[in-house]
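J.: Dropping in target.pdb, with PDB, C-alpha atoms and all ligand atoms.
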```
MODEL        1
ATOM      1  CA  MET A 685     123.937  58.186 -10.028
ATOM      2  CA  GLY A 686     123.752  54.527  -9.053
ATOM      3  CA  GLN A 687     121.972  53.876 -12.362
ATOM      4  CA  ALA A 688     124.756  55.623 -14.257
ATOM      5  CA  THR A 689     127.368  53.530 -12.462
ATOM      6  CA  ALA A 690     125.413  50.350 -13.265
ATOM      7  CA  LEU A 691     125.176  51.431 -16.908
ATOM      8  CA  LEU A 692     128.941  51.796 -17.103
ATOM      9  CA  PHE A 693     129.890  48.547 -15.378
ATOM     10  CA  GLN A 694     126.917  46.508 -16.650
ATOM     11  CA  ASP A 695     127.371  43.237 -14.748
ATOM     12  CA  VAL A 696     126.483  44.579 -11.318
ATOM     13  CA  ALA A 697     124.785  43.504  -8.124
ATOM     14  CA  VAL A 698     122.504  46.131  -6.615
ATOM     15  CA  TYR A 699     121.927  46.613  -2.900
ATOM     16  CA  ASP A 700     119.269  49.310  -2.401
ATOM     17  CA  PRO A 701     116.824  48.333   0.393
ATOM     18  CA  PRO A 702     114.473  51.320  -0.100
ATOM     19  CA  LYS A 703     114.045  50.166  -3.730
ATOM     20  CA  GLY A 704     113.512  46.496  -2.799
ATOM     21  CA  HIS A 705     117.065  45.243  -3.495
ATOM     22  CA  THR A 706     117.736  43.783  -0.071
ATOM     23  CA  ASP A 707     120.323  41.067  -0.803
ATOM     24  CA  VAL A 708     123.480  42.587   0.667
ATOM     25  CA  ALA A 709     125.252  39.216   0.315
ATOM     26  CA  ALA A 710     125.167  39.706  -3.488
ATOM     27  CA  LEU A 711     127.951  42.265  -3.031
ATOM     28  CA  ALA A 712     130.236  39.586  -1.610
ATOM     29  CA  ARG A 713     131.049  38.430  -5.164
ATOM     30  CA  CYS A 714     131.972  41.951  -6.357
ATOM     31  CA  PRO A 715     135.634  42.999  -6.205
ATOM     32  CA  VAL A 716     134.518  46.632  -6.019
ATOM     33  CA  SER A 717     131.283  48.097  -4.562
ATOM     34  CA  PHE A 718     130.158  51.682  -5.151
ATOM     35  CA  VAL A 719     128.241  53.667  -2.529
ATOM     36  CA  CYS A 720     125.847  55.983  -4.435
ATOM     37  CA  VAL A 721     123.489  57.091  -1.652
ATOM     38  CA  PRO A 722     122.113  60.635  -1.151
ATOM     39  CA  THR A 723     124.090  63.297   0.727
ATOM     40  CA  PRO A 724     121.471  66.026   1.311
ATOM     41  CA  THR A 725     122.017  69.308   3.139
ATOM     42  CA  LEU A 726     121.346  69.559   6.882
ATOM     43  CA  SER A 727     119.595  72.641   8.295
ATOM     44  CA  ASN A 728     123.011  74.026   9.351
ATOM     45  CA  GLY A 729     124.229  73.848   5.723
ATOM     46  CA  ARG A 730     126.469  70.842   6.295
ATOM     47  CA  CYS A 731     126.395  67.642   4.320
ATOM     48  CA  ASP A 732     124.235  64.888   5.841
ATOM     49  CA  LEU A 733     126.396  61.752   5.910
ATOM     50  CA  SER A 734     123.821  59.537   7.629
ATOM     51  CA  PHE A 735     122.959  57.626   4.411
ATOM     52  CA  VAL A 736     126.640  57.025   3.718
ATOM     53  CA  TYR A 737     127.278  55.698   7.224
ATOM     54  CA  ALA A 738     124.111  53.566   7.094
ATOM     55  CA  ALA A 739     125.122  51.988   3.770
ATOM     56  CA  VAL A 740     128.748  51.447   4.791
ATOM     57  CA  SER A 741     127.679  49.887   8.117
ATOM     58  CA  GLN A 742     125.499  47.437   6.201
ATOM     59  CA  VAL A 743     128.011  46.564   3.465
ATOM     60  CA  ALA A 744     131.473  46.720   5.077
ATOM     61  CA  PRO A 745     130.940  43.708   7.395
ATOM     62  CA  ILE A 746     130.277  41.329   4.481
ATOM     63  CA  LEU A 747     133.365  42.355   2.464
ATOM     64  CA  SER A 748     136.673  40.519   2.612
ATOM     65  CA  ASP A 749     140.114  42.124   2.728
ATOM     66  CA  LYS A 750     140.321  41.644  -1.062
ATOM     67  CA  GLN A 751     137.382  43.932  -1.822
ATOM     68  CA  VAL A 752     137.135  47.712  -2.054
ATOM     69  CA  LEU A 753     134.244  49.919  -0.962
ATOM     70  CA  VAL A 754     134.186  53.040  -3.109
ATOM     71  CA  ILE A 755     132.435  56.236  -1.998
ATOM     72  CA  ARG A 756     130.897  57.732  -5.122
ATOM     73  CA  SER A 757     128.444  60.034  -3.320
ATOM     74  CA  THR A 758     129.578  63.649  -2.966
ATOM     75  CA  VAL A 759     131.080  63.899   0.522
ATOM     76  CA  PRO A 760     133.233  66.413   2.445
ATOM     77  CA  PRO A 761     137.019  66.005   2.196
ATOM     78  CA  GLY A 762     138.115  63.668   4.979
ATOM     79  CA  THR A 763     135.046  61.410   4.903
ATOM     80  CA  VAL A 764     136.898  58.388   3.475
ATOM     81  CA  ARG A 765     139.682  58.908   6.031
ATOM     82  CA  GLN A 766     137.044  58.844   8.818
ATOM     83  CA  LEU A 767     135.527  55.671   7.368
ATOM     84  CA  GLU A 768     138.998  54.095   7.195
ATOM     85  CA  GLU A 769     139.333  54.752  10.919
ATOM     86  CA  SER A 770     135.849  53.512  11.781
ATOM     87  CA  PHE A 771     136.082  50.374   9.589
ATOM     88  CA  PRO A 772     139.777  49.398   9.758
ATOM     89  CA  ASN A 773     139.210  46.014   8.079
ATOM     90  CA  THR A 774     137.755  47.520   4.910
ATOM     91  CA  HIS A 775     139.551  48.991   1.893
ATOM     92  CA  PHE A 776     138.002  52.317   0.870
ATOM     93  CA  ALA A 777     138.427  54.715  -2.031
ATOM     94  CA  SER A 778     136.833  57.909  -3.281
ATOM     95  CA  ASN A 779     135.578  58.099  -6.855
ATOM     96  CA  PRO A 780     133.369  61.155  -7.391
ATOM     97  CA  GLU A 781     131.020  61.321 -10.361
ATOM     98  CA  PHE A 782     130.749  64.368 -12.649
ATOM     99  CA  LEU A 783     127.846  63.465 -14.882
ATOM    100  CA  ARG A 784     125.216  65.947 -15.986
ATOM    101  CA  ALA A 785     121.806  64.699 -14.814
ATOM    102  CA  HIS A 786     120.165  65.436 -18.193
ATOM    103  CA  ARG A 787     122.959  63.617 -20.086
ATOM    104  CA  MET A 788     123.253  60.702 -17.724
ATOM    105  CA  ALA A 789     123.862  57.857 -20.193
ATOM    106  CA  GLU A 790     126.218  59.851 -22.408
ATOM    107  CA  ASP A 791     128.325  61.062 -19.480
ATOM    108  CA  ALA A 792     128.297  57.699 -17.720
ATOM    109  CA  LEU A 793     129.722  55.898 -20.740
ATOM    110  CA  ARG A 794     132.083  58.700 -21.831
ATOM    111  CA  PRO A 795     133.157  60.490 -18.635
ATOM    112  CA  SER A 796     135.123  63.736 -19.016
ATOM    113  CA  ARG A 797     137.565  62.310 -16.467
ATOM    114  CA  VAL A 798     137.817  59.577 -13.865
ATOM    115  CA  VAL A 799     139.045  60.718 -10.468
ATOM    116  CA  ILE A 800     140.457  57.972  -8.277
ATOM    117  CA  GLY A 801     141.186  58.921  -4.693
ATOM    118  CA  ALA A 802     142.890  56.155  -2.778
ATOM    119  CA  ASP A 803     145.034  56.134   0.328
ATOM    120  CA  THR A 804     146.490  52.661  -0.259
ATOM    121  CA  VAL A 805     148.226  51.078  -3.236
ATOM    122  CA  TYR A 806     145.764  48.175  -3.103
ATOM    123  CA  SER A 807     142.624  50.356  -3.379
ATOM    124  CA  ARG A 808     144.201  52.436  -6.124
ATOM    125  CA  GLN A 809     145.190  49.416  -8.206
ATOM    126  CA  MET A 810     141.811  47.715  -7.784
ATOM    127  CA  LEU A 811     139.884  50.780  -8.897
ATOM    128  CA  LEU A 812     142.235  51.504 -11.791
ATOM    129  CA  LYS A 813     141.953  47.891 -12.942
ATOM    130  CA  THR A 814     138.151  48.132 -12.775
ATOM    131  CA  TYR A 815     138.079  51.297 -14.888
ATOM    132  CA  HIS A 816     140.746  50.157 -17.346
ATOM    133  CA  SER A 817     138.793  46.976 -18.005
ATOM    134  CA  ARG A 818     135.721  49.018 -18.928
ATOM    135  CA  LEU A 819     137.034  52.285 -20.390
ATOM    136  CA  GLY A 820     140.617  51.433 -21.316
ATOM    137  CA  ARG A 821     143.078  54.302 -21.226
ATOM    138  CA  ARG A 822     141.156  56.624 -23.562
ATOM    139  CA  VAL A 823     139.802  58.812 -20.750
ATOM    140  CA  SER A 824     141.725  61.176 -18.511
ATOM    141  CA  TYR A 825     142.514  59.598 -15.162
ATOM    142  CA  VAL A 826     143.373  61.719 -12.137
ATOM    143  CA  VAL A 827     144.849  59.449  -9.488
ATOM    144  CA  THR A 828     145.268  61.033  -6.089
ATOM    145  CA  ASP A 829     144.501  60.589  -2.381
ATOM    146  CA  SER A 830     140.943  60.416  -1.022
ATOM    147  CA  VAL A 831     140.886  63.921   0.523
ATOM    148  CA  THR A 832     141.940  65.508  -2.764
ATOM    149  CA  ALA A 833     139.411  63.475  -4.768
ATOM    150  CA  GLU A 834     136.605  64.562  -2.440
ATOM    151  CA  PHE A 835     137.763  68.180  -2.722
ATOM    152  CA  ILE A 836     137.810  68.006  -6.547
ATOM    153  CA  LYS A 837     134.082  67.260  -6.706
ATOM    154  CA  TYR A 838     133.119  70.317  -4.618
ATOM    155  CA  ALA A 839     135.630  72.512  -6.473
ATOM    156  CA  ALA A 840     134.062  71.509  -9.807
ATOM    157  CA  ASN A 841     130.435  71.974  -8.761
ATOM    158  CA  CYS A 842     131.098  75.319  -7.067
ATOM    159  CA  PHE A 843     132.876  76.533 -10.196
ATOM    160  CA  LEU A 844     129.826  75.504 -12.251
ATOM    161  CA  ALA A 845     127.523  77.286  -9.793
ATOM    162  CA  THR A 846     129.671  80.402 -10.166
ATOM    163  CA  LYS A 847     129.563  80.098 -13.972
ATOM    164  CA  VAL A 848     125.750  79.835 -13.940
ATOM    165  CA  THR A 849     125.499  82.865 -11.668
ATOM    166  CA  TYR A 850     127.885  84.904 -13.830
ATOM    167  CA  ALA A 851     125.871  83.883 -16.902
ATOM    168  CA  GLN A 852     122.752  85.283 -15.247
ATOM    169  CA  GLU A 853     124.458  88.590 -14.601
ATOM    170  CA  LEU A 854     125.616  88.788 -18.215
ATOM    171  CA  ARG A 855     122.103  87.957 -19.421
ATOM    172  CA  LYS A 856     120.580  90.738 -17.329
ATOM    173  CA  ALA A 857     123.164  93.233 -18.583
ATOM    174  CA  THR A 858     122.792  92.266 -22.262
ATOM    175  CA  ARG A 859     119.019  92.581 -22.029
ATOM    176  CA  ARG A 860     119.339  95.953 -20.391
ATOM    177  CA  ILE A 861     121.476  97.404 -23.175
ATOM    178  CA  GLY A 862     120.099  95.399 -26.111
ATOM    179  CA  ALA A 863     123.194  93.245 -26.793
ATOM    180  CA  HIS A 864     122.772  89.654 -28.036
ATOM    181  CA  TYR A 865     123.368  87.287 -25.140
ATOM    182  CA  GLU A 866     123.728  84.144 -27.297
ATOM    183  CA  ASP A 867     126.410  85.792 -29.451
ATOM    184  CA  VAL A 868     128.239  87.043 -26.365
ATOM    185  CA  VAL A 869     128.445  83.655 -24.661
ATOM    186  CA  ARG A 870     129.198  81.780 -27.880
ATOM    187  CA  ALA A 871     132.180  84.039 -28.513
ATOM    188  CA  VAL A 872     133.253  84.025 -24.865
ATOM    189  CA  GLY A 873     132.870  80.232 -24.677
ATOM    190  CA  LEU A 874     135.087  79.670 -27.726
ATOM    191  CA  ASP A 875     138.039  80.667 -25.550
ATOM    192  CA  PRO A 876     139.477  77.339 -24.380
ATOM    193  CA  ARG A 877     140.209  78.883 -20.987
ATOM    194  CA  ILE A 878     136.498  79.536 -20.517
ATOM    195  CA  GLY A 879     134.679  76.947 -22.588
ATOM    196  CA  PRO A 880     131.134  76.487 -23.870
ATOM    197  CA  GLY A 881     128.613  74.464 -21.873
ATOM    198  CA  ASP A 882     125.001  74.334 -20.786
ATOM    199  CA  GLU A 883     125.731  76.620 -17.813
ATOM    200  CA  TRP A 884     125.494  79.672 -20.106
ATOM    201  CA  PHE A 885     121.861  78.809 -20.824
ATOM    202  CA  ILE A 886     120.549  77.613 -17.452
ATOM    203  CA  ASP A 887     118.064  79.842 -15.605
ATOM    204  CA  GLY A 888     119.636  79.785 -12.170
ATOM    205  CA  LEU A 889     120.818  76.824 -10.124
ATOM    206  CA  THR A 890     118.014  74.501 -11.123
ATOM    207  CA  ASP A 891     120.125  71.326 -10.995
ATOM    208  CA  GLU A 892     119.650  70.067  -7.459
ATOM    209  CA  CYS A 893     123.305  69.098  -6.933
ATOM    210  CA  LEU A 894     124.773  72.579  -7.522
ATOM    211  CA  PRO A 895     122.950  74.448  -4.695
ATOM    212  CA  LYS A 896     123.420  71.478  -2.384
ATOM    213  CA  ASP A 897     127.157  71.245  -2.992
ATOM    214  CA  LEU A 898     127.568  75.036  -2.944
ATOM    215  CA  GLU A 899     125.892  75.106   0.469
ATOM    216  CA  ALA A 900     127.998  72.243   1.829
ATOM    217  CA  PHE A 901     131.297  73.573   0.451
ATOM    218  CA  THR A 902     130.669  77.114   1.736
ATOM    219  CA  SER A 903     129.930  75.627   5.112
ATOM    220  CA  LEU A 904     133.199  73.656   4.924
ATOM    221  CA  LEU A 905     135.197  76.780   3.991
ATOM    222  CA  ARG A 906     133.597  78.479   7.008
ATOM    223  CA  SER A 907     134.640  75.621   9.288
ATOM    224  CA  TRP A 908     138.201  75.675   7.866
ATOM    225  CA  GLY A 909     138.407  79.459   8.410
ATOM    226  CA  THR A 910     139.469  80.061   4.798
ATOM    227  CA  ASP A 911     138.263  82.762   2.431
ATOM    228  CA  ARG A 912     134.754  82.151   1.138
ATOM    229  CA  ARG A 913     133.619  85.612   0.022
ATOM    230  CA  LEU A 914     133.193  84.645  -3.631
ATOM    231  CA  LEU A 915     131.088  81.567  -2.898
ATOM    232  CA  GLU A 916     129.073  83.398  -0.212
ATOM    233  CA  THR A 917     128.119  85.912  -2.898
ATOM    234  CA  VAL A 918     127.175  83.149  -5.337
ATOM    235  CA  ARG A 919     125.071  81.626  -2.561
ATOM    236  CA  GLN A 920     123.260  84.899  -1.930
ATOM    237  CA  LEU A 921     122.608  85.402  -5.645
ATOM    238  CA  LYS A 922     121.438  81.887  -6.326
ATOM    239  CA  ASP A 923     117.840  82.428  -5.262
ATOM    240  CA  GLU A 924     117.414  85.678  -7.143
ATOM    241  CA  ALA A 925     115.121  85.476 -10.138
ATOM    242  CA  LEU A 926     115.936  87.267 -13.344
ATOM    243  CA  PRO A 927     114.401  90.722 -12.827
ATOM    244  CA  VAL A 928     115.154  91.696 -16.376
ATOM    245  CA  ARG A 929     113.790  94.855 -17.878
ATOM    246  CA  ALA A 930     114.012  94.985 -21.647
ATOM    247  CA  ALA A 931     116.146  97.734 -23.124
ATOM    248  CA  LYS A 932     114.231 100.696 -24.464
TER     249      LYS A 932
HETATM  250  N1  LIG A1001     122.232  62.733  -9.706
HETATM  251  C1  LIG A1001     123.354  63.206 -10.259
HETATM  252  O1  LIG A1001     123.364  63.651 -11.409
HETATM  253  C2  LIG A1001     124.648  63.184  -9.474
HETATM  254  C3  LIG A1001     125.848  63.504 -10.129
HETATM  255  C4  LIG A1001     127.034  63.481  -9.416
HETATM  256  C5  LIG A1001     127.019  63.167  -8.072
HETATM  257  N2  LIG A1001     125.839  62.880  -7.445
HETATM  258  C6  LIG A1001     125.866  62.519  -6.021
HETATM  259  O2  LIG A1001     125.520  61.162  -5.914
HETATM  260  C7  LIG A1001     124.854  60.913  -4.674
HETATM  261  C8  LIG A1001     123.520  60.232  -4.937
HETATM  262  O3  LIG A1001     122.738  61.095  -5.712
HETATM  263  P1  LIG A1001     121.486  60.557  -6.577
HETATM  264  O4  LIG A1001     120.979  61.734  -7.316
HETATM  265  O5  LIG A1001     121.854  59.350  -7.353
HETATM  266  O6  LIG A1001     120.493  60.148  -5.387
HETATM  267  P2  LIG A1001     119.120  59.320  -5.507
HETATM  268  O7  LIG A1001     118.289  59.765  -4.358
HETATM  269  O8  LIG A1001     118.563  59.419  -6.885
HETATM  270  O9  LIG A1001     119.556  57.804  -5.305
HETATM  271  C9  LIG A1001     120.093  57.344  -4.098
HETATM  272  C10 LIG A1001     119.756  55.861  -3.924
HETATM  273  O10 LIG A1001     120.335  55.414  -2.691
HETATM  274  C11 LIG A1001     119.419  54.481  -2.117
HETATM  275  N3  LIG A1001     119.736  54.277  -0.699
HETATM  276  C12 LIG A1001     119.399  55.053   0.361
HETATM  277  N4  LIG A1001     119.884  54.515   1.507
HETATM  278  C13 LIG A1001     120.542  53.386   1.165
HETATM  279  C14 LIG A1001     121.286  52.406   1.890
HETATM  280  N5  LIG A1001     121.457  52.476   3.223
HETATM  281  N6  LIG A1001     121.827  51.383   1.212
HETATM  282  C15 LIG A1001     121.704  51.288  -0.118
HETATM  283  N7  LIG A1001     121.022  52.184  -0.873
HETATM  284  C16 LIG A1001     120.472  53.223  -0.236
HETATM  285  C17 LIG A1001     118.055  55.099  -2.403
HETATM  286  O11 LIG A1001     117.013  54.157  -2.276
HETATM  287  C18 LIG A1001     118.243  55.582  -3.851
HETATM  288  O12 LIG A1001     117.905  54.593  -4.799
HETATM  289  C19 LIG A1001     124.748  62.266  -3.977
HETATM  290  O13 LIG A1001     125.853  62.423  -3.117
HETATM  291  C20 LIG A1001     124.867  63.250  -5.150
HETATM  292  O14 LIG A1001     125.363  64.499  -4.736
HETATM  293  C21 LIG A1001     124.655  62.863  -8.124
ENDMDL
END
```
Show how you would write the structure in this file as structure tokens.

T.:
Amino acid sequence: MGQATALLFQDVAVYDPPKGHTDVAALARCPVSFVCVPTPTLSNGRCDLSFVYAAVSQVAPILSDKQVLVIRSTVPPGTVRQLEESFPNTHFASNPEFLRAHRMAEDALRPSRVVIGADTVYSRQMLLKTYHSRLGRRVSYVVTDSVTAEFIKYAANCFLATKVTYAQELRKATRRIGAHYEDVVRAVGLDPRIGPGDEWFIDGLTDECLPKDLEAFTSLLRSWGTDRRLLETVRQLKDEALPVRAAK
């Protein structure tokens, strides 16, 4: 995802110590820095924020009060607010990424939307200026607060996980009765409320982000005490292979 961000903004400084880019001071000349570190799943299903905190602890101290540190990694709603409390001298924003891993360049340069989650006017204006200078106004911008922006990313990926799982069920059923799956999903996908997309043709949650974000979001719903029955079911189904028996 860091590569995709670099592709979009082109003139970038990279700080990635595990990859040999160790010059954190290079970020001091950047008005905006993007945190694109991993957020894997912990054994309890929650999102592991240790990489985010490590990166922010390294970068925030070298930034001035004119610069913005943007969390682009997928993180639980409230993470930017926590960072704002822990690093009160740093401007933060949330800017989740929605690219498809197998269409990285295409999606990086022509994003379906740009979500800007900022809790201050300054952060919002800086990030909007950065995107307008690169993409103009020809993409859809959703400008909101950081909690909502963080929520949007999980809501999108869990919807996609649900779509993939539903597609699998349809595929099993069509094979059982001898209907043509491709024709079914083409016709279904032509409805603008439903849409086409690769999800109809993916064999399970093979993309590593979908199961990870499904796990983390279900765990968040559990901690919030809100309804999670649909996503719990998707979670249970996600590991099931396609035990398809051809129709007689
Ligand atoms: N890959 C995708 O298609 C995609 C799409 C949308 C969102 N995301 C999200 O983006 C985040 C990153 O995913 P990824 O697939 O790019 O991960 P990745 O593992 O490919 O890359 C992460 C990079 O962060 C570097 N890194 C680790 N610790 C660091 C530190 N302290 N300081 C600086 N750099 C550090 C690593 O060396 C690595 O180069 C995750 O939250 C993921 O959910 C990924």

J.: Mind dumping a table of every chain A residue within 9 Å of ligand LIG 1001 (chain A), with the nearest atom pair and its distance in Å to one decimal, using all atoms listed in the file, sorted by chain and rising number, as CSV?

T.:
```
residue,atom,partner,partner_atom,distance
A:Met685,CA,A:LIG1001,O5,3.6
A:Gly686,CA,A:LIG1001,O5,5.5
A:Gln687,CA,A:LIG1001,O5,7.4
A:Ala688,CA,A:LIG1001,O5,8.4
A:Val698,CA,A:LIG1001,C15,8.3
A:Tyr699,CA,A:LIG1001,C15,5.4
A:Asp700,CA,A:LIG1001,N7,3.7
A:Pro701,CA,A:LIG1001,C15,5.7
A:Pro702,CA,A:LIG1001,O11,4.4
A:Lys703,CA,A:LIG1001,O11,5.2
A:Gly704,CA,A:LIG1001,O11,8.4
A:His705,CA,A:LIG1001,C15,8.3
A:Thr706,CA,A:LIG1001,C15,8.5
A:Val708,CA,A:LIG1001,C15,8.9
A:Val719,CA,A:LIG1001,C15,7.4
A:Cys720,CA,A:LIG1001,C8,4.9
A:Val721,CA,A:LIG1001,O10,3.7
A:Pro722,CA,A:LIG1001,C8,4.1
A:Thr723,CA,A:LIG1001,O13,4.3
A:Pro724,CA,A:LIG1001,O13,7.2
A:Ser734,CA,A:LIG1001,N5,8.7
A:Phe735,CA,A:LIG1001,N4,5.3
A:Val736,CA,A:LIG1001,N5,6.9
A:Tyr737,CA,A:LIG1001,N5,7.8
A:Ala738,CA,A:LIG1001,N5,4.8
A:Ala739,CA,A:LIG1001,N5,3.7
A:Val740,CA,A:LIG1001,N5,7.5
A:Ser741,CA,A:LIG1001,N5,8.3
A:Gln742,CA,A:LIG1001,N5,7.1
A:Val743,CA,A:LIG1001,N6,8.2
A:Arg756,CA,A:LIG1001,O2,6.4
A:Ser757,CA,A:LIG1001,O13,3.5
A:Thr758,CA,A:LIG1001,O13,3.9
A:Val759,CA,A:LIG1001,O13,6.5
A:Pro780,CA,A:LIG1001,C5,6.7
A:Glu781,CA,A:LIG1001,C4,4.6
A:Phe782,CA,A:LIG1001,C4,5.0
A:Leu783,CA,A:LIG1001,C3,5.2
A:Arg784,CA,A:LIG1001,O1,5.4
A:Ala785,CA,A:LIG1001,O1,3.9
A:His786,CA,A:LIG1001,O1,7.7
A:Arg787,CA,A:LIG1001,O1,8.7
A:Met788,CA,A:LIG1001,O1,7.0
A:Lys837,CA,A:LIG1001,C5,8.3
A:Asp891,CA,A:LIG1001,O1,8.3
A:Glu892,CA,A:LIG1001,N1,8.1
A:Cys893,CA,A:LIG1001,O14,5.5
A:Leu894,CA,A:LIG1001,O14,8.6
A:Lys896,CA,A:LIG1001,O14,7.6
A:Asp897,CA,A:LIG1001,O14,7.2
```

J.: For the file shown, what are the residues hit by the PyMOL selection byres (((chain A and resi 690-693) around 9) and not hetatm), laid out as a VMD selection string?

T.: chain A and resid 685 to 689 694 to 698 789 792 to 794 814 to 815 818 to 819

J.: Those residues you just picked out, can you put them in a file as a tab-separated table (two decimals), in the frame of the given file with C-alpha atoms?

T.:
```tsv
chain	number	residue	atom	x	y	z
A	685	MET	CA	123.94	58.19	-10.03
A	686	GLY	CA	123.75	54.53	-9.05
A	687	GLN	CA	121.97	53.88	-12.36
A	688	ALA	CA	124.76	55.62	-14.26
A	689	THR	CA	127.37	53.53	-12.46
A	694	GLN	CA	126.92	46.51	-16.65
A	695	ASP	CA	127.37	43.24	-14.75
A	696	VAL	CA	126.48	44.58	-11.32
A	697	ALA	CA	124.78	43.50	-8.12
A	698	VAL	CA	122.50	46.13	-6.62
A	789	ALA	CA	123.86	57.86	-20.19
A	792	ALA	CA	128.30	57.70	-17.72
A	793	LEU	CA	129.72	55.90	-20.74
A	794	ARG	CA	132.08	58.70	-21.83
A	814	THR	CA	138.15	48.13	-12.78
A	815	TYR	CA	138.08	51.30	-14.89
A	818	ARG	CA	135.72	49.02	-18.93
A	819	LEU	CA	137.03	52.28	-20.39
```

J.: Would you mind telling me which residue in A:Thr725, A:Thr902, A:Ser717, A:Thr858 lies nearest to Ile746 (chain A) when using only C-alpha atoms?

T.: A:Ser717

J.: What is the distance, in Å and to one decimal place, between CA of Gln751 (chain A) and CA of Cys714 (chain A)?

T.: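 Interatomic distance, CA of Gln751 (chain A) to CA of Cys714 (chain A): 7.3 Å.
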
J.: Once the PyMOL selection byres (((chain A and resi 852-856) around 12) and not hetatm) has been evaluated on this model, what residues remain selected, and can you format them as a ChimeraX atom specification?

T.: /A:845-851,857-869,872,883-889,918,921-931

J.: Kindly give the distance, in Å, that separates CA of Pro895 (chain A) and CA of Pro795 (chain A), rounded to a single decimal.

T.: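 One can read the CA of Pro895 (chain A) to CA of Pro795 (chain A) distance as 22.2 Å.
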
J.: So which residues get picked by the PyMOL selection byres (((chain A and resi 773) around 12) and not hetatm) here, written as a list in words?

T.: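 Against this file, the PyMOL selection byres (((chain A and resi 773) around 12) and not hetatm) returns the residues Ala744, Pro745, Ile746, Leu747, Ser748, Asp749, Lys750, Gln751, Val752, Leu753, Leu767, Glu768, Glu769, Ser770, Phe771, Pro772, Thr774, His775 and Phe776 of chain A.
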
J.: Using all atoms listed in the file, which residues sit within 9 Å of Val831 (chain A) once same-chain residues fewer than 6 positions away are excluded, as a list in words?

T.: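 The residues satisfying every condition are Pro760, Pro761, Gly762, Thr763, Val764, Arg765, Ser778, Gly801, Ala802 and Asp803 of chain A.
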
J.: Could you check the closest approach to Ile800 (chain A) for each of A:Ile755, A:Leu874, A:Leu914, A:Leu844 and tell me which residue wins, using all atoms listed in the file?

T.: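 Closest to Ile800 (chain A), using all atoms listed in the file: A:Ile755.
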
J.: Just give me the gap between CA of Val798 (chain A) and CA of Val827 (chain A) in Å, one decimal is fine.

T.: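 Between CA of Val798 (chain A) and CA of Val827 (chain A) the gap works out to 8.3 Å.
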
J.: Pick the closest to Arg906 (chain A) from A:Val826, A:Ala833, A:Asn728, A:Thr804: which is it, counting all atoms listed in the file?

T.: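 Checking each candidate against Arg906 (chain A), we get A:Asn728 as the closest.
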
J.: Between A:Ser903, A:Ser824, A:Thr890, A:Gln766, which one has atoms that come closest to Glu916 (chain A), using only C-alpha atoms?

T.: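 Result for the nearest residue to Glu916 (chain A): A:Ser903.
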
J.: Restricting the calculation to only C-alpha atoms, which member of A:Cys731, A:Val805, A:Ala709, A:Val823 is positioned closest to Leu898 (chain A)?

T.: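 The closest residue to Leu898 (chain A) is A:Cys731.
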
J.: When distances are computed from all atoms listed in the file, which of A:Val799, A:Val754, A:Leu812, A:Ala871 shows the smallest separation from Ala840 (chain A)?

T.: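 Closest to Ala840 (chain A), using all atoms listed in the file: A:Val799.
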